[in-house]
Amino acid sequence: MTETAQRKPAYRRWWFWLLVLGLVYLVAGFGLIPLYLSSALPERFQQHLGWSADVGDIGFNPFTLSVSAEELVATDASGDRVLEADAIVLNLGLIDLVRGTVHVEHLELDNPFLRVDLLEGNRLNFLEDWREQHQTAGAQDDDGGQGAAAYPVVVDQAIINDGRLRFRDFTGGAEGESREILVDSLELVLSGLTSGESDEPGEYSLQAVMDEQVLDWSGSLNLEPLWSNGRLSVSNVSAATVQQWLGRYLPWSVQEGRLSASTAFQFAYDDRGLALETRDGEVTASRLALVDPGQPEETLASAGNLSLNGVSFNLEGPELVVSMVQGDSLHLNAVMSPDGQLNLTRPLMGTTENQGGSDRFRWSVGNLALSSSSIDWQDNRPASPVQLTLQDVELNLGAMTEQLEEPISYQARAALEKGGSASANGQFTLHPLTFEGGVNLDQIVLAPFNGYVGEFSELEVRDGTLNLAGNIDIDVQDDPLTGTFSGRGSISHFNGQLPDEDEPVVIWRELRLDPIEYNFAPARLEIGTLLVSEPELNVINYRGQPHNVTRLLKPTGSGSEAEQSGGGNDQQRDGLIFRLSQLELANAEIRYTDYNPRPAFTGRVHDLAASVSGLSNITPQ
């Protein structure tokens with residue numbers, strides 16, 4: 001009889017318990033862990049950030065340690081939405097997790113949303129929330145050991161697909177007011193990040209679209225302490241965006257145009273706030289228009305194309321440095337007010353206040369070169385304003401800073417719309433406005449300058465061209481204008497007429513002056529030799545009135561006249577003081593009419609040649 005062998009029960013075999021362990025692991029992985037994460041995830045948001053969070057379906061694959069979540073929404077303590085994502089996929093490293101390190105091998109978010117707030121003191125909202133919660137946790141540890149130790153985090157790769165970012169800036173306006181921008185279609189790749197100290201920083205690459213504006217941002221990133229460096233470029237940025245975010249740093253308002261920029265940067269965030277510095281930047285603009293913030297209806301300047309090279313910016317200060325500015329098709333609308341203030345420099349006056357303050361905006365420009373440009377000039381200081389248009393302007397300016405009293409070198413060439421051309425080189429200051437250097441005028445039509453002539457004469461220039469070369473030194477900070485000119489010049493084919501007469505009072509074919517010394521205020525003209533060819537002078541003596549030629553030069557003002565007019569000494573305007581060393585006339589003609597006798601007496605002297613010396617309007621000369 002054969003004896004039947006007894007087999008061991010299954011629960012006493014190793015493979016049974018291995019199978020049970022596997023089943024428990026599968027049940028826990030597919031069932032219990034998702035339940036735990038559904039409750040633990042909101043708890044962690046509350047513990048580490050003070051945020052309230054809700055999450056939809058959560059899945060866990062125990063074989064790959066892959067976690068997936070849907071419909072994640074987090075709000076801060078005020079109830080505002082901070083974070084949102086349609087889908088999240090997370091792969092963790094098992095071995096590192098056992099060792100106490102959260103190792104993110106792969107993290108991917110679909111259609112996420114993040115709100116970033118820049119608070120007073122350049123503080124970021126989520127970093128402040130993190131710091132506040134951990135400071136509270138640290139205090140609890142000291143008191144009762146209730147705090148939780150933070151696990152180190154390592155991220156091999158993180159990807160954001162079609163993300164959205166809402167950035168709000170609370171640092172520039174009134175309390176509670178913010179400026180904000182919404183970034184759409186954001187793509188982000190992060191790699192090699194760690195929350196602890198690391199020998200190598202992580203890397204990131206970001207592309208985003210804001211309407212028609214495109215952002216490309218890449219570089220290195222370290223989390224503890226937080227710092228980053230890399231390169232940032234934006235293209236096709238609208239004028240509204242520039243004004244919104246940089247308007248408080250700019251003396252002028254950007255009304256129109258599109259800008260593109262790229263720069264290398266460094267930033268860091270610590271207990272002292274945010275530090276930001278850029279270098280090797282380039283900025284280009286097209287169809288740009290600038291206005292005075294106080295007079296937005298008036299365009300001060302526009303440019304077809306403008307580029308800034310070698311741009312650097314430091315938030316600490318703040319300070320802006322531009323190595324080179326180049327532009328073409330620039331147009332300036334320059335208006336000088338009756339009190340001698342230039343509209344182009346009026347917005348800069350605020351930058352000169354509180355020069356000793358630590359928060360003033362510092363800026364400097366190394367060189368400025370403009371071509372194919374134009375300037376509309378209107379001077380409202382004369383009784384009859386002067387309006388000129390300069391075309392084909394070529395301008396080169398030397399170094400400029402916020403210290404407006406520092407001299408700026410210049411070289412300029414232009415053509416006048418009414419006729420003639422001008423060139424100059426020297427230096428000037430913006431405030432107070434001064435101008436000095438060499439000036440050369442070639443075939444300048446004189447009629448548009450009647451407003452300046454009217455300051456010392458009743459004569460109206462109907463015709464004539466000017467050639468002038470010399471040195472000028474002008475100070476326009478006060479009224480009246482002060483300064484000097486010295487040089488030589490000539491006026492050709494001149495025709496001058498008094499406003500109430502039908503015939504010219506003086507004409508000539510050629511007039512040469514050498515040398516010329518002129519002082520603006522008090523007005524004084526001194527000429528060495530004056531040569532006049534083919535002059536004609538029409539002298540009229542009206543009944544009961546002085547000769548018309550006495551009106552060619554306005555008489556000097558007197559204190560009594562000023563007092564009678566109610567102006568006082570401060571408002572007194574002295575007439576022109578005139579001295580001529582030598583006068584030479586060739587082929588001159590003088591016509592004389594006297595209306596005192598009946599009938600009127602008329603006479604004519606022609607083919608006159610004369611030489612006069614020591615001529616002046618100062619008694620008794």
# chains A, B, ... in the order shown; residues from 1 in each chain; ligands from 1
$ residues_around --residues "region 298-305 of chain A" --least-positions-apart "6" --cutoff "8 Å" --atoms "only C-alpha atoms" --output "PyMOL selection string"
chain A and resi 284-292+327-334+343-344
$ write_last_selection --atoms "C-alpha atoms" --output "CSV table (one decimal), in the first residue's frame"
chain,number,residue,atom,x,y,z
A,284,THR,CA,14.7,98.7,-31.3
A,285,ALA,CA,11.6,100.8,-31.9
A,286,SER,CA,9.5,101.6,-34.9
A,287,ARG,CA,6.8,104.3,-35.5
A,288,LEU,CA,7.5,105.6,-32.0
A,289,ALA,CA,5.8,108.7,-30.6
A,290,LEU,CA,6.6,110.4,-27.2
A,291,VAL,CA,4.5,113.0,-25.4
A,292,ASP,CA,4.8,115.2,-22.3
A,327,GLY,CA,17.7,106.7,-35.3
A,328,ASP,CA,16.3,107.9,-38.6
A,329,SER,CA,13.2,109.7,-39.7
A,330,LEU,CA,13.1,111.4,-36.3
A,331,HIS,CA,10.8,114.4,-35.9
A,332,LEU,CA,11.0,116.9,-33.0
A,333,ASN,CA,8.3,119.5,-32.2
A,334,ALA,CA,10.4,122.0,-30.3
A,343,ASN,CA,9.1,121.8,-24.1
A,344,LEU,CA,11.4,118.9,-24.9
$ residues_around --residues "Ile618 (chain A)" --least-positions-apart "6" --cutoff "10 Å" --atoms "only C-alpha atoms" --output "compact mmCIF listing (two decimals) with all heavy atoms, in the first residue's frame"
# COMPACT_ATOMS: atom_id res chain seq x y z
N THR A 556 16.69 153.20 -27.47
CA THR A 556 16.91 152.57 -26.17
C THR A 556 15.81 152.97 -25.22
O THR A 556 15.32 154.10 -25.24
CB THR A 556 18.28 152.99 -25.59
OG1 THR A 556 18.29 154.42 -25.48
CG2 THR A 556 19.40 152.53 -26.49
N LEU A 576 18.84 148.50 -29.35
CA LEU A 576 20.13 148.04 -29.84
C LEU A 576 21.16 149.16 -29.77
O LEU A 576 20.90 150.30 -30.19
CB LEU A 576 19.98 147.57 -31.29
CG LEU A 576 21.25 147.15 -32.00
CD1 LEU A 576 21.78 145.86 -31.39
CD2 LEU A 576 21.00 146.98 -33.49
N ILE A 577 22.29 148.85 -29.21
CA ILE A 577 23.45 149.73 -29.26
C ILE A 577 24.28 149.33 -30.48
O ILE A 577 24.61 148.16 -30.65
CB ILE A 577 24.28 149.61 -27.98
CG1 ILE A 577 23.44 150.01 -26.76
CG2 ILE A 577 25.55 150.44 -28.07
CD1 ILE A 577 24.12 149.75 -25.44
N PHE A 578 24.59 150.33 -31.32
CA PHE A 578 25.20 150.04 -32.61
C PHE A 578 26.50 150.82 -32.77
O PHE A 578 26.55 152.03 -32.51
CB PHE A 578 24.22 150.40 -33.73
CG PHE A 578 24.78 150.24 -35.11
CD1 PHE A 578 24.91 148.98 -35.67
CD2 PHE A 578 25.19 151.35 -35.84
CE1 PHE A 578 25.44 148.83 -36.94
CE2 PHE A 578 25.71 151.21 -37.11
CZ PHE A 578 25.83 149.94 -37.66
N ARG A 579 27.54 150.13 -33.19
CA ARG A 579 28.82 150.79 -33.50
C ARG A 579 29.37 150.20 -34.79
O ARG A 579 29.36 148.98 -34.97
CB ARG A 579 29.85 150.61 -32.38
CG ARG A 579 29.52 151.34 -31.09
CD ARG A 579 30.71 151.31 -30.13
NE ARG A 579 30.41 151.96 -28.88
CZ ARG A 579 29.98 151.37 -27.79
NH1 ARG A 579 29.78 150.05 -27.81
NH2 ARG A 579 29.74 152.05 -26.69
$ closest_residue --among "A:Arg543, A:Glu534, A:Gln403, A:Arg512" --to "Pro599 (chain A)" --atoms "only C-alpha atoms"
A:Arg543
$ atom_distance --atom1 "CA of Leu416 (chain A)" --atom2 "CA of Gly340 (chain A)"
22.7 Å
$ residues_around --residues "Asp270 (chain A)" --least-positions-apart "4" --cutoff "12 Å" --atoms "only C-alpha atoms" --output "PyMOL selection string"
chain A and resi 121-124+127-128+131+223-227+274-276
$ residues_around --residues "Gln378 (chain A)" --least-positions-apart "4" --cutoff "9 Å" --atoms "only C-alpha atoms" --output "MDAnalysis selection string"
chainID A and resid 333:337 385:389
$ write_last_selection --atoms "all heavy atoms" --output "PDB file, in the first residue's frame"
ATOM      1  N   ASN A 333       9.182 118.276 -32.232  1.00  0.00           N
ATOM      2  CA  ASN A 333       8.322 119.455 -32.192  1.00  0.00           C
ATOM      3  C   ASN A 333       8.794 120.310 -31.032  1.00  0.00           C
ATOM      4  O   ASN A 333       8.359 120.130 -29.891  1.00  0.00           O
ATOM      5  CB  ASN A 333       6.860 119.042 -32.020  1.00  0.00           C
ATOM      6  CG  ASN A 333       5.920 120.215 -32.016  1.00  0.00           C
ATOM      7  OD1 ASN A 333       6.211 121.265 -32.582  1.00  0.00           O
ATOM      8  ND2 ASN A 333       4.781 120.051 -31.364  1.00  0.00           N
ATOM      9  N   ALA A 334       9.732 121.235 -31.307  1.00  0.00           N
ATOM     10  CA  ALA A 334      10.382 122.024 -30.265  1.00  0.00           C
ATOM     11  C   ALA A 334       9.700 123.371 -30.135  1.00  0.00           C
ATOM     12  O   ALA A 334       9.584 124.114 -31.116  1.00  0.00           O
ATOM     13  CB  ALA A 334      11.863 122.212 -30.589  1.00  0.00           C
ATOM     14  N   VAL A 335       9.257 123.702 -28.922  1.00  0.00           N
ATOM     15  CA  VAL A 335       8.574 124.963 -28.656  1.00  0.00           C
ATOM     16  C   VAL A 335       9.247 125.631 -27.465  1.00  0.00           C
ATOM     17  O   VAL A 335       9.380 125.027 -26.393  1.00  0.00           O
ATOM     18  CB  VAL A 335       7.071 124.746 -28.364  1.00  0.00           C
ATOM     19  CG1 VAL A 335       6.390 126.071 -28.051  1.00  0.00           C
ATOM     20  CG2 VAL A 335       6.395 124.065 -29.539  1.00  0.00           C
ATOM     21  N   MET A 336       9.684 126.886 -27.670  1.00  0.00           N
ATOM     22  CA  MET A 336      10.261 127.678 -26.591  1.00  0.00           C
ATOM     23  C   MET A 336       9.182 128.605 -26.049  1.00  0.00           C
ATOM     24  O   MET A 336       8.593 129.396 -26.787  1.00  0.00           O
ATOM     25  CB  MET A 336      11.449 128.501 -27.094  1.00  0.00           C
ATOM     26  CG  MET A 336      12.168 129.283 -26.019  1.00  0.00           C
ATOM     27  SD  MET A 336      13.101 128.236 -24.877  1.00  0.00           S
ATOM     28  CE  MET A 336      14.463 127.775 -25.953  1.00  0.00           C
ATOM     29  N   SER A 337       8.890 128.489 -24.764  1.00  0.00           N
ATOM     30  CA  SER A 337       7.838 129.295 -24.152  1.00  0.00           C
ATOM     31  C   SER A 337       8.327 130.730 -23.946  1.00  0.00           C
ATOM     32  O   SER A 337       9.527 131.006 -24.005  1.00  0.00           O
ATOM     33  CB  SER A 337       7.425 128.686 -22.810  1.00  0.00           C
ATOM     34  OG  SER A 337       8.494 128.759 -21.894  1.00  0.00           O
ATOM     35  N   PRO A 385       5.991 135.449 -32.793  1.00  0.00           N
ATOM     36  CA  PRO A 385       6.688 134.161 -32.691  1.00  0.00           C
ATOM     37  C   PRO A 385       7.371 133.777 -33.998  1.00  0.00           C
ATOM     38  O   PRO A 385       6.873 134.068 -35.090  1.00  0.00           O
ATOM     39  CB  PRO A 385       5.572 133.180 -32.329  1.00  0.00           C
ATOM     40  CG  PRO A 385       4.535 134.025 -31.663  1.00  0.00           C
ATOM     41  CD  PRO A 385       4.576 135.337 -32.364  1.00  0.00           C
ATOM     42  N   VAL A 386       8.499 133.091 -33.857  1.00  0.00           N
ATOM     43  CA  VAL A 386       9.275 132.629 -34.997  1.00  0.00           C
ATOM     44  C   VAL A 386       9.020 131.140 -35.182  1.00  0.00           C
ATOM     45  O   VAL A 386       9.132 130.356 -34.228  1.00  0.00           O
ATOM     46  CB  VAL A 386      10.781 132.904 -34.789  1.00  0.00           C
ATOM     47  CG1 VAL A 386      11.593 132.310 -35.935  1.00  0.00           C
ATOM     48  CG2 VAL A 386      11.031 134.395 -34.671  1.00  0.00           C
ATOM     49  N   GLN A 387       8.688 130.745 -36.406  1.00  0.00           N
ATOM     50  CA  GLN A 387       8.446 129.348 -36.733  1.00  0.00           C
ATOM     51  C   GLN A 387       9.365 128.938 -37.873  1.00  0.00           C
ATOM     52  O   GLN A 387       9.394 129.589 -38.915  1.00  0.00           O
ATOM     53  CB  GLN A 387       6.985 129.120 -37.120  1.00  0.00           C
ATOM     54  CG  GLN A 387       6.003 129.315 -35.976  1.00  0.00           C
ATOM     55  CD  GLN A 387       4.573 129.018 -36.378  1.00  0.00           C
ATOM     56  OE1 GLN A 387       4.219 129.114 -37.542  1.00  0.00           O
ATOM     57  NE2 GLN A 387       3.756 128.637 -35.402  1.00  0.00           N
ATOM     58  N   LEU A 388      10.116 127.865 -37.657  1.00  0.00           N
ATOM     59  CA  LEU A 388      11.061 127.360 -38.648  1.00  0.00           C
ATOM     60  C   LEU A 388      10.907 125.845 -38.749  1.00  0.00           C
ATOM     61  O   LEU A 388      10.546 125.182 -37.775  1.00  0.00           O
ATOM     62  CB  LEU A 388      12.502 127.698 -38.261  1.00  0.00           C
ATOM     63  CG  LEU A 388      12.858 129.173 -38.070  1.00  0.00           C
ATOM     64  CD1 LEU A 388      14.241 129.297 -37.465  1.00  0.00           C
ATOM     65  CD2 LEU A 388      12.782 129.921 -39.390  1.00  0.00           C
ATOM     66  N   THR A 389      11.214 125.311 -39.923  1.00  0.00           N
ATOM     67  CA  THR A 389      11.236 123.871 -40.124  1.00  0.00           C
ATOM     68  C   THR A 389      12.591 123.472 -40.679  1.00  0.00           C
ATOM     69  O   THR A 389      13.019 123.994 -41.716  1.00  0.00           O
ATOM     70  CB  THR A 389      10.127 123.424 -41.096  1.00  0.00           C
ATOM     71  OG1 THR A 389       8.858 123.732 -40.535  1.00  0.00           O
ATOM     72  CG2 THR A 389      10.200 121.923 -41.336  1.00  0.00           C
TER      73      THR A 389
END
$ select_by_dssp --residues "region 224-259 of chain A" --states "strand (DSSP E)" --output "list in words"
Leu226, Trp227, Ser228, Asn229, Gly230, Arg231, Leu232, Ser233, Val234, Ser235, Asn236, Val237, Ser238, Ser253, Val254, Gln255, Glu256, Gly257, Arg258 and Leu259 of chain A
$ closest_residue --among "A:Gln213, A:Ser38, A:Thr75, A:Ser260" --to "Asp57 (chain A)" --atoms "only C-alpha atoms"
A:Ser38
$ atom_distance --atom1 "CA of Leu118 (chain A)" --atom2 "CA of Leu308 (chain A)"
27.7 Å
$ atom_distance --atom1 "CA of Glu536 (chain A)" --atom2 "CA of Gly470 (chain A)"
28.0 Å
$ residues_around --residues "region 526-530 of chain A" --least-positions-apart "2" --cutoff "9 Å" --atoms "only C-alpha atoms" --output "MDAnalysis selection string"
chainID A and resid 511:519 524 532 577:585
$ residues_around --residues "Glu406 (chain A)" --least-positions-apart "6" --cutoff "10 Å" --atoms "only C-alpha atoms" --output "list in words"
Ala399, Met400, Gln427, Phe428, Thr429, Leu430, His431 and Pro432 of chain A
$ write_last_selection --atoms "N, CA and C atoms" --output "PDB file, in the first residue's frame"
ATOM      1  N   ALA A 399      28.197 112.341 -24.715  1.00  0.00           N
ATOM      2  CA  ALA A 399      27.672 111.730 -23.494  1.00  0.00           C
ATOM      3  C   ALA A 399      26.696 112.667 -22.785  1.00  0.00           C
ATOM      4  N   MET A 400      25.579 112.059 -22.296  1.00  0.00           N
ATOM      5  CA  MET A 400      24.556 112.782 -21.544  1.00  0.00           C
ATOM      6  C   MET A 400      24.218 111.997 -20.285  1.00  0.00           C
ATOM      7  N   GLN A 427      29.102 122.608 -27.884  1.00  0.00           N
ATOM      8  CA  GLN A 427      28.511 121.948 -26.735  1.00  0.00           C
ATOM      9  C   GLN A 427      27.349 122.773 -26.200  1.00  0.00           C
ATOM     10  N   PHE A 428      26.458 122.090 -25.437  1.00  0.00           N
ATOM     11  CA  PHE A 428      25.309 122.763 -24.845  1.00  0.00           C
ATOM     12  C   PHE A 428      24.953 122.052 -23.549  1.00  0.00           C
ATOM     13  N   THR A 429      24.112 122.685 -22.759  1.00  0.00           N
ATOM     14  CA  THR A 429      23.557 122.065 -21.554  1.00  0.00           C
ATOM     15  C   THR A 429      22.043 122.143 -21.644  1.00  0.00           C
ATOM     16  N   LEU A 430      21.360 121.177 -20.996  1.00  0.00           N
ATOM     17  CA  LEU A 430      19.905 121.097 -21.059  1.00  0.00           C
ATOM     18  C   LEU A 430      19.226 121.966 -20.017  1.00  0.00           C
ATOM     19  N   HIS A 431      19.813 122.074 -18.827  1.00  0.00           N
ATOM     20  CA  HIS A 431      19.201 122.888 -17.779  1.00  0.00           C
ATOM     21  C   HIS A 431      20.285 123.388 -16.822  1.00  0.00           C
ATOM     22  N   PRO A 432      20.552 124.717 -16.854  1.00  0.00           N
ATOM     23  CA  PRO A 432      19.912 125.725 -17.702  1.00  0.00           C
ATOM     24  C   PRO A 432      20.317 125.537 -19.159  1.00  0.00           C
TER      25      PRO A 432
END
$ closest_atom_pairs --of "region 215-243 of chain A" --to "region 263-268 of chain A" --cutoff "7 Å" --atoms "only C-alpha atoms" --output "CSV"
residue,atom,partner,partner_atom,distance
A:Leu226,CA,A:Ala268,CA,5.7
A:Trp227,CA,A:Ala268,CA,4.1
A:Ser228,CA,A:Phe267,CA,5.5
A:Asn229,CA,A:Gln266,CA,4.3
A:Gly230,CA,A:Phe265,CA,5.7
A:Arg231,CA,A:Ala264,CA,4.2
A:Leu232,CA,A:Thr263,CA,5.5
A:Ser233,CA,A:Thr263,CA,6.4
$ write_last_selection --atoms "N, CA, C and O atoms" --output "PDB file, in the first residue's frame"
ATOM      1  N   LEU A 226      17.531  81.937  -3.875  1.00  0.00           N
ATOM      2  CA  LEU A 226      16.912  82.123  -5.182  1.00  0.00           C
ATOM      3  C   LEU A 226      17.714  83.124  -6.000  1.00  0.00           C
ATOM      4  O   LEU A 226      17.877  84.285  -5.609  1.00  0.00           O
ATOM      5  N   TRP A 227      18.220  82.687  -7.142  1.00  0.00           N
ATOM      6  CA  TRP A 227      18.891  83.589  -8.086  1.00  0.00           C
ATOM      7  C   TRP A 227      18.821  82.979  -9.479  1.00  0.00           C
ATOM      8  O   TRP A 227      18.593  81.780  -9.642  1.00  0.00           O
ATOM      9  N   SER A 228      19.001  83.828 -10.460  1.00  0.00           N
ATOM     10  CA  SER A 228      18.972  83.361 -11.838  1.00  0.00           C
ATOM     11  C   SER A 228      19.789  84.306 -12.699  1.00  0.00           C
ATOM     12  O   SER A 228      19.891  85.500 -12.412  1.00  0.00           O
ATOM     13  N   ASN A 229      20.373  83.766 -13.748  1.00  0.00           N
ATOM     14  CA  ASN A 229      20.977  84.595 -14.785  1.00  0.00           C
ATOM     15  C   ASN A 229      20.743  83.926 -16.127  1.00  0.00           C
ATOM     16  O   ASN A 229      20.558  82.717 -16.205  1.00  0.00           O
ATOM     17  N   GLY A 230      20.733  84.729 -17.163  1.00  0.00           N
ATOM     18  CA  GLY A 230      20.454  84.197 -18.488  1.00  0.00           C
ATOM     19  C   GLY A 230      20.222  85.321 -19.466  1.00  0.00           C
ATOM     20  O   GLY A 230      20.798  86.396 -19.353  1.00  0.00           O
ATOM     21  N   ARG A 231      19.344  85.095 -20.412  1.00  0.00           N
ATOM     22  CA  ARG A 231      19.046  86.101 -21.430  1.00  0.00           C
ATOM     23  C   ARG A 231      17.537  86.143 -21.664  1.00  0.00           C
ATOM     24  O   ARG A 231      16.867  85.105 -21.683  1.00  0.00           O
ATOM     25  N   LEU A 232      17.050  87.352 -21.857  1.00  0.00           N
ATOM     26  CA  LEU A 232      15.627  87.598 -22.037  1.00  0.00           C
ATOM     27  C   LEU A 232      15.432  88.435 -23.293  1.00  0.00           C
ATOM     28  O   LEU A 232      16.158  89.399 -23.526  1.00  0.00           O
ATOM     29  N   SER A 233      14.456  88.066 -24.110  1.00  0.00           N
ATOM     30  CA  SER A 233      14.129  88.865 -25.280  1.00  0.00           C
ATOM     31  C   SER A 233      12.618  88.964 -25.418  1.00  0.00           C
ATOM     32  O   SER A 233      11.895  87.997 -25.166  1.00  0.00           O
TER      33      SER A 233
END
$ residues_around --residues "region 450-461 of chain A" --least-positions-apart "4" --cutoff "6 Å" --atoms "only C-alpha atoms" --output "PyMOL selection string"
chain A and resi 382+384-386+496-498+551-554+575-576
$ select_by_dssp --residues "region 100-321 of chain A" --states "helix (DSSP H, G or I)" --output "VMD selection string"
chain A and resid 125 to 144 239 to 249
$ closest_residue --among "A:Asn380, A:Asn396, A:Thr550, A:Ser486" --to "Asn440 (chain A)" --atoms "only C-alpha atoms"
A:Ser486
